[in-house]
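Asks: Submitted below is the structure of interest, expressed as structure tokens.
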2 protein chains.
Amino acid sequence: MTETTRQPCDLLIEAGWVVPVNPHGVVLVDHAVVVSGDRIVALLPLAEARERFAPAQTVSRPDSVLIPGLVNGHTHNPMTLMRGVADDLSLMPWLHEHVWPIEGAVMSPEFVADGVELAVAEMLRGGTTCCNESYFFPDAQAATYRRLGFRARVGLPVIEFPSAWAASTAEYFDKGLEVYDNYRSDPLVSLSFAPHAPYTVSDESFERIRMLAEQLDLPVHVHVHETAQEIADSLKQYGQRPIARLDRLGVVNERLIAVHMTQLIDAEIALCAERGVSVLHCPQSNLKLASGFSPVEKLRRAGVNLGLGTDGCASNNDLDMFDEMRTAALLAKGVAMDATALDAASALRIATLGSAKALGLDEHIGSIEVGKQADLTLIAMDALETQPMYNAISHLVYATGRHQVSDVWIAGQRKLADRELVGIDVDALRAKTRQWQQRIAAIGNKP
Amino acid sequence: MTETTRQPCDLLIEAGWVVPVNPHGVVLVDHAVVVSGDRIVALLPLAEARERFAPAQTVSRPDSVLIPGLVNGHTHNPMTLMRGVADDLSLMPWLHEHVWPIEGAVMSPEFVADGVELAVAEMLRGGTTCCNESYFFPDAQAATYRRLGFRARVGLPVIEFPSAWAASTAEYFDKGLEVYDNYRSDPLVSLSFAPHAPYTVSDESFERIRMLAEQLDLPVHVHVHETAQEIADSLKQYGQRPIARLDRLGVVNERLIAVHMTQLIDAEIALCAERGVSVLHCPQSNLKLASGFSPVEKLRRAGVNLGLGTDGCASNNDLDMFDEMRTAALLAKGVAMDATALDAASALRIATLGSAKALGLDEHIGSIEVGKQADLTLIAMDALETQPMYNAISHLVYATGRHQVSDVWIAGQRKLADRELVGIDVDALRAKTRQWQQRIAAIGNKP
């Protein structure tokens with residue numbers, strides 16, 4: 001075949017193994033992904049790719065696995081600046097004596113922007129290309145994700161308490177809708193409603209969110225059924241379990257991203273399956289805060305879509321989706337008392353396509369398929385720690401460390417190149433982080 | 001102070017933070033450890049160390065944390081060559097259809113030696129300086145650990161089944177005692193008795209082990225109370241739970257390293273505390289095989305010594321003690337339904353001094369104390385993933401990846417220098433690993 005017949009493209013990524021996630025459980029040996037603009041235009045055997053395409057750039061990694069970028073389905077990224085500030089505490093002393101006093105002192109657009117930048121750096125270095133955010137100052141978050149070229153669903157927070165972001169429930173809605181207007185056509189940054197939790201948001205607010213979410217076609221991102229206490233309190237205050245109450249308020253549907261869900265009776269699992277609710281699993285956070293065990297294998301077998309998230313760095317203490325996949329796969333087996341529960345391919349799926357579906361973005365991301373966005377992660381498998389290798393998917397979940405991620409693309413743009421961050425000034429980021437550390441440590445040290 | 005008054009020493013390690021493990025929970029800022037020969041001769045503030053000592057070599061790491069080398073309390077290191085060969089299976093199909101057929105085909109001194117070498121490379125790169133081994137061909141294991149200068153308790157296997165190592169119970173004892181004789185005065189390699197499990201070892205063998213272990217002053221390393229099935233089977237066969245049976249046979253004492261222990265009633269926890277038994281916790285293995293949840297917080301509060309281990313790479317699938325500490329600390333909270341359970345300092349302790357005590361080596365290793373062996377691990381904390389840092393111990397357990405380990409010493413000898421393995425031919429190791437992979441994959445592919 002002559003040069004003139006080869007089709008021009010922007011990028012050819014050649015890998016020893018490609019795991020497209022869809023179809024499920026498949027490992028393609030010696031394959032290539034062809035990218036033009038922000039999209040995947042072909043996935044095919046290496047030799048065929050070389051024959052058919054004339055790429056502007058080729059990245060060739062015979063010892064690496066290419067996967068769709070990981071989708072972190074639940075984060076509070078500004079809290080990355082509070083990584084490890086308080087551990088091994090029950091929820092109430094952790095919140096009242098540590099998290100809230102610090103947040104009260106530092107909460108600002110600058111804190112949010114700097115925390116998000118540190119988180120983006122960490123996520124990229126760990127193979128994550130998209131996150132689902134829930135925090136204050138969504139305007140500062142969205143601006144930072146846009147500036148850094150990172151894909152995110154930014155939550156518009158609603159909570160019945162004043163904060164530095166909004167003084168009243170009405171202001172949460174007004175300011176949120178303004179952020180929505182500014183990003184409604186952004187290619188990378190999209191929005192969701194993020195009512196904090198059933199115990200901090202009123203019936204009226206949930207009803208308004210239901211209506212607006214439908215009008216604007218946005219997901220609703222909520223912490224729900226996180227602890228047994230939450231259920232008991234809801235029964236006392238509303239005479240209903242939180243999910244029953246949310247159902248009465250009309251938000252138990254395919255828009256709902258129900259985060260945590262450790263406390264579930266069988267009827268609730270069936271309801272979630274029937275309504276197309278996505279359950280966003282955060283196994284390390286649930287363990288660390290002793291919230292309970294989410295019945296993920298039961299949910300999976302009932303046909304409920306599952307996503308995976310790390311939660312914030314004040315309660316995890318990292319944004320490591322490889323470690324989170326491993327914990328999810330291991331814990332599901334322990335909880336189900338079944339070693340076949342949440343097998344490696346399913347763990348990888350919830351960390352990619354499952355999270356993407358929860359975010360309402362599965363038509364665009366979450367798997368390596370022609371026509372989808374080129375959100376891609378290359379992982380080097382030649383480390384001694386992943387030798388020998390019998391099965392690439394097993395290694396991704398049970399043996400890989402996130403530092404083996406070498407390259408990351410978002411919408412066809414290279415964001416990590418041979419472990420180097422592109423477009424982030426790491427020295428400046430370190431300096432900013434150090435300043436926040438000093439300021440936050442000083443608050444923590446106060447009596 | 002003049003040069004002549006400074007005391008000569010072999011090595012001065014300066015670190016931004018030193019976590020000695022004993023005393024518990026302490027972080028020493030800007031401290032140094034002084035090493036002469038194979039021992040720690042001082043631990044003191046940096047400035048004072050520079051004044052008092054004239055080292056032949058100085059390693060200065062202001063951004064690093066120095067800890068005692070991690071002690072992996074339960075391994076089957078030759079199985080590193082079977083990393084990820086079969087996952088997501090219940091114990092019986094995993095053993096019958098995968099592990100045993102492969103072992104039957106490859107078991108040999110060469111397989112054992114090559115697997116141990118790969119494991120040593122992985123352990124050193126992950127900050128581990130000592131392991132507690134249970135596998136066949138202890139002679140090949142011991143020779144490899146000695147050759148590589150790695151500290152190990154090598155188990156002398158006893159099992160009532162023939163293997164390539166020994167054809168009869170008598171031969172297991174005879175060959176084991178011969179290995180013991182060859183290593184009785186080795187500075188790094190020591191032995192234990194390693195009866196496989198209550199369900200594979202007879203009363204007579206346990207009684208003989210009890211007698212020999214006392215005579216030779218060796219620990220007894222056993223898988224025990226790993227699954228509910230084991231308890232049910234023991235009740236049926238012996239009319240006793242395994243621990244009651246072992247107690248009748250005289251091995252429930254301070255020599256016993258009881259691995260797994262997921263099934264425990266309160267009286268058994270009290271018995272372990274009273275007798276000085278060490279419980280060796282393998283949280284990832286217990287999850288992956290759906291064996292059950294070990295009540296580690298109950299054990300800890302009862303005063304039982306706890307150690308930590310990864311188990312073998314065919315069921316984990318790595319030798320990552322950082323990940324294992326994190327899983328232990330997180331899972332203990334979930335199981336105890338208490339976020340204060342197994343705090344970070346306690347998780348680090350079980351991975352160092354706790355395991356050392358289980359192995360009967362706590363007078364020599366497991367903490368940074370004057371007079372102890374210089375088994376030391378340096379971890380770089382300047383990675384973005386461990387920024388900011390408010391508490392070094394929190395980060396070691398909840399945020400550090402093992403790839404942040406930069407340097408490792410065993411008995412004063414540097415085994416990892418700036419991430420480079422000392423004394424291991426990595427290219428040759430890769431080539432050998434590749435050969436075993438091809439051989440093992442061919443077995444796995446047979447119908």
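Chains: A, B, ... in order of the structure tokens. Residues: from 1 per chain. Ligands: from 1, in order shown.
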For chain A, list the residues within 7 Å of chain B, counting only C-alpha atoms, and write the list as a PDB file with C-alpha atoms, in the first residue's frame.
Replies:
ATOM      1  CA  LEU A  81      -5.211  20.164  50.629  1.00  0.00           C
ATOM      2  CA  ARG A  83      -4.958  15.094  53.023  1.00  0.00           C
ATOM      3  CA  GLY A  84      -4.409  13.241  56.286  1.00  0.00           C
ATOM      4  CA  VAL A  85      -5.149  16.210  58.526  1.00  0.00           C
ATOM      5  CA  ASP A  88      -8.834   7.327  62.886  1.00  0.00           C
ATOM      6  CA  LEU A  89     -11.727   9.323  64.287  1.00  0.00           C
ATOM      7  CA  SER A  90     -15.454   8.810  64.367  1.00  0.00           C
ATOM      8  CA  GLU A 122      -2.636  13.457  41.286  1.00  0.00           C
ATOM      9  CA  GLN A 284     -12.139   2.835  51.223  1.00  0.00           C
ATOM     10  CA  LEU A 287     -14.196   1.357  55.679  1.00  0.00           C
ATOM     11  CA  LYS A 288     -12.198   4.297  57.041  1.00  0.00           C
ATOM     12  CA  LEU A 289     -15.233   6.012  58.537  1.00  0.00           C
ATOM     13  CA  ALA A 290     -16.708   2.645  59.618  1.00  0.00           C
ATOM     14  CA  GLY A 292     -20.776  -0.038  56.801  1.00  0.00           C
ATOM     15  CA  ASN A 316      -9.305   8.258  52.117  1.00  0.00           C
ATOM     16  CA  ASN A 317      -6.462   9.771  51.861  1.00  0.00           C
ATOM     17  CA  ASP A 318      -5.749   9.705  48.156  1.00  0.00           C
ATOM     18  CA  LEU A 330     -11.441  -7.691  47.424  1.00  0.00           C
ATOM     19  CA  LEU A 331     -14.091  -6.277  49.756  1.00  0.00           C
ATOM     20  CA  LYS A 333     -15.788 -10.995  47.970  1.00  0.00           C
ATOM     21  CA  GLY A 334     -15.502 -10.696  51.750  1.00  0.00           C
ATOM     22  CA  MET A 337     -18.689 -14.467  51.245  1.00  0.00           C
ATOM     23  CA  ASP A 338     -18.047 -15.488  47.643  1.00  0.00           C
ATOM     24  CA  ALA A 339     -14.609 -15.437  45.999  1.00  0.00           C
ATOM     25  CA  THR A 340     -16.197 -15.051  42.569  1.00  0.00           C
ATOM     26  CA  ASP A 343     -14.201 -10.242  39.460  1.00  0.00           C
ATOM     27  CA  LEU A 384       9.071  -6.352  38.389  1.00  0.00           C
ATOM     28  CA  GLU A 385       5.920  -5.995  40.498  1.00  0.00           C
ATOM     29  CA  PRO A 388       5.128 -12.457  35.301  1.00  0.00           C
ATOM     30  CA  TYR A 390      -0.731 -14.125  32.699  1.00  0.00           C
ATOM     31  CA  ASN A 391      -3.744 -11.814  32.415  1.00  0.00           C
ATOM     32  CA  SER A 394      -6.024  -9.353  36.649  1.00  0.00           C
ATOM     33  CA  HIS A 395      -2.855  -7.292  36.928  1.00  0.00           C
ATOM     34  CA  TYR A 398      -4.775  -6.942  41.724  1.00  0.00           C
ATOM     35  CA  ALA A 399      -1.128  -5.959  41.155  1.00  0.00           C
ATOM     36  CA  THR A 433       0.471  23.450  48.510  1.00  0.00           C
ATOM     37  CA  ARG A 434       3.183  24.233  51.063  1.00  0.00           C
ATOM     38  CA  GLN A 437      -0.197  23.263  54.573  1.00  0.00           C
ATOM     39  CA  ALA A 441      -1.509  23.177  60.264  1.00  0.00           C
TER      40      ALA A 441
END
Asks: Where in range 133-192 of chain B does DSSP assign alpha helix (DSSP H), given as a ChimeraX atom specification?
Replies: /B:138-148,169-183
Asks: Name the residues in contact with range 28-44 of chain A at a cut-off of 7 Å, using only C-alpha atoms, excluding same-chain residues fewer than 5 positions from it; report them as a PDB file with C-alpha atoms, in the first residue's frame.
Replies:
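out.pdb was written with the following content:
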ATOM      1  CA  CYS A   9      -4.751  10.928  11.741  1.00  0.00           C
ATOM      2  CA  ASP A  10      -3.423  12.869  14.720  1.00  0.00           C
ATOM      3  CA  LEU A  11      -2.233  10.049  16.928  1.00  0.00           C
ATOM      4  CA  LEU A  12      -1.563   6.347  16.850  1.00  0.00           C
ATOM      5  CA  ILE A  13      -1.164   4.622  20.211  1.00  0.00           C
ATOM      6  CA  GLU A  14       0.304   1.138  19.918  1.00  0.00           C
ATOM      7  CA  ALA A  15       0.093  -1.112  22.955  1.00  0.00           C
ATOM      8  CA  GLY A  16       1.005  -4.655  23.863  1.00  0.00           C
ATOM      9  CA  TRP A  17      -2.516  -5.053  25.217  1.00  0.00           C
ATOM     10  CA  VAL A  18      -5.690  -2.995  24.808  1.00  0.00           C
ATOM     11  CA  VAL A  19      -8.541  -3.508  27.261  1.00  0.00           C
ATOM     12  CA  ALA A  49      -3.180   0.175  11.918  1.00  0.00           C
ATOM     13  CA  GLU A 369     -14.876   2.489  21.168  1.00  0.00           C
ATOM     14  CA  VAL A 370     -14.879   4.184  17.807  1.00  0.00           C
ATOM     15  CA  GLY A 371     -16.616   7.551  18.030  1.00  0.00           C
ATOM     16  CA  LYS A 372     -16.010   7.995  21.746  1.00  0.00           C
ATOM     17  CA  GLN A 373     -13.789  10.684  23.237  1.00  0.00           C
ATOM     18  CA  ALA A 374     -10.086   9.832  23.302  1.00  0.00           C
ATOM     19  CA  ALA A 411     -10.199  14.378  24.491  1.00  0.00           C
ATOM     20  CA  GLY A 412      -7.112  13.545  22.446  1.00  0.00           C
TER      21      GLY A 412
END
Asks: Using only C-alpha atoms, determine which residues lie at most 8 Å from Gly366 in chain B, disregarding the query and same-chain residues fewer than 3 positions distant; provide the list as a PyMOL selection string.
Replies: chain B and resi 21+68-71+352-357+361-362
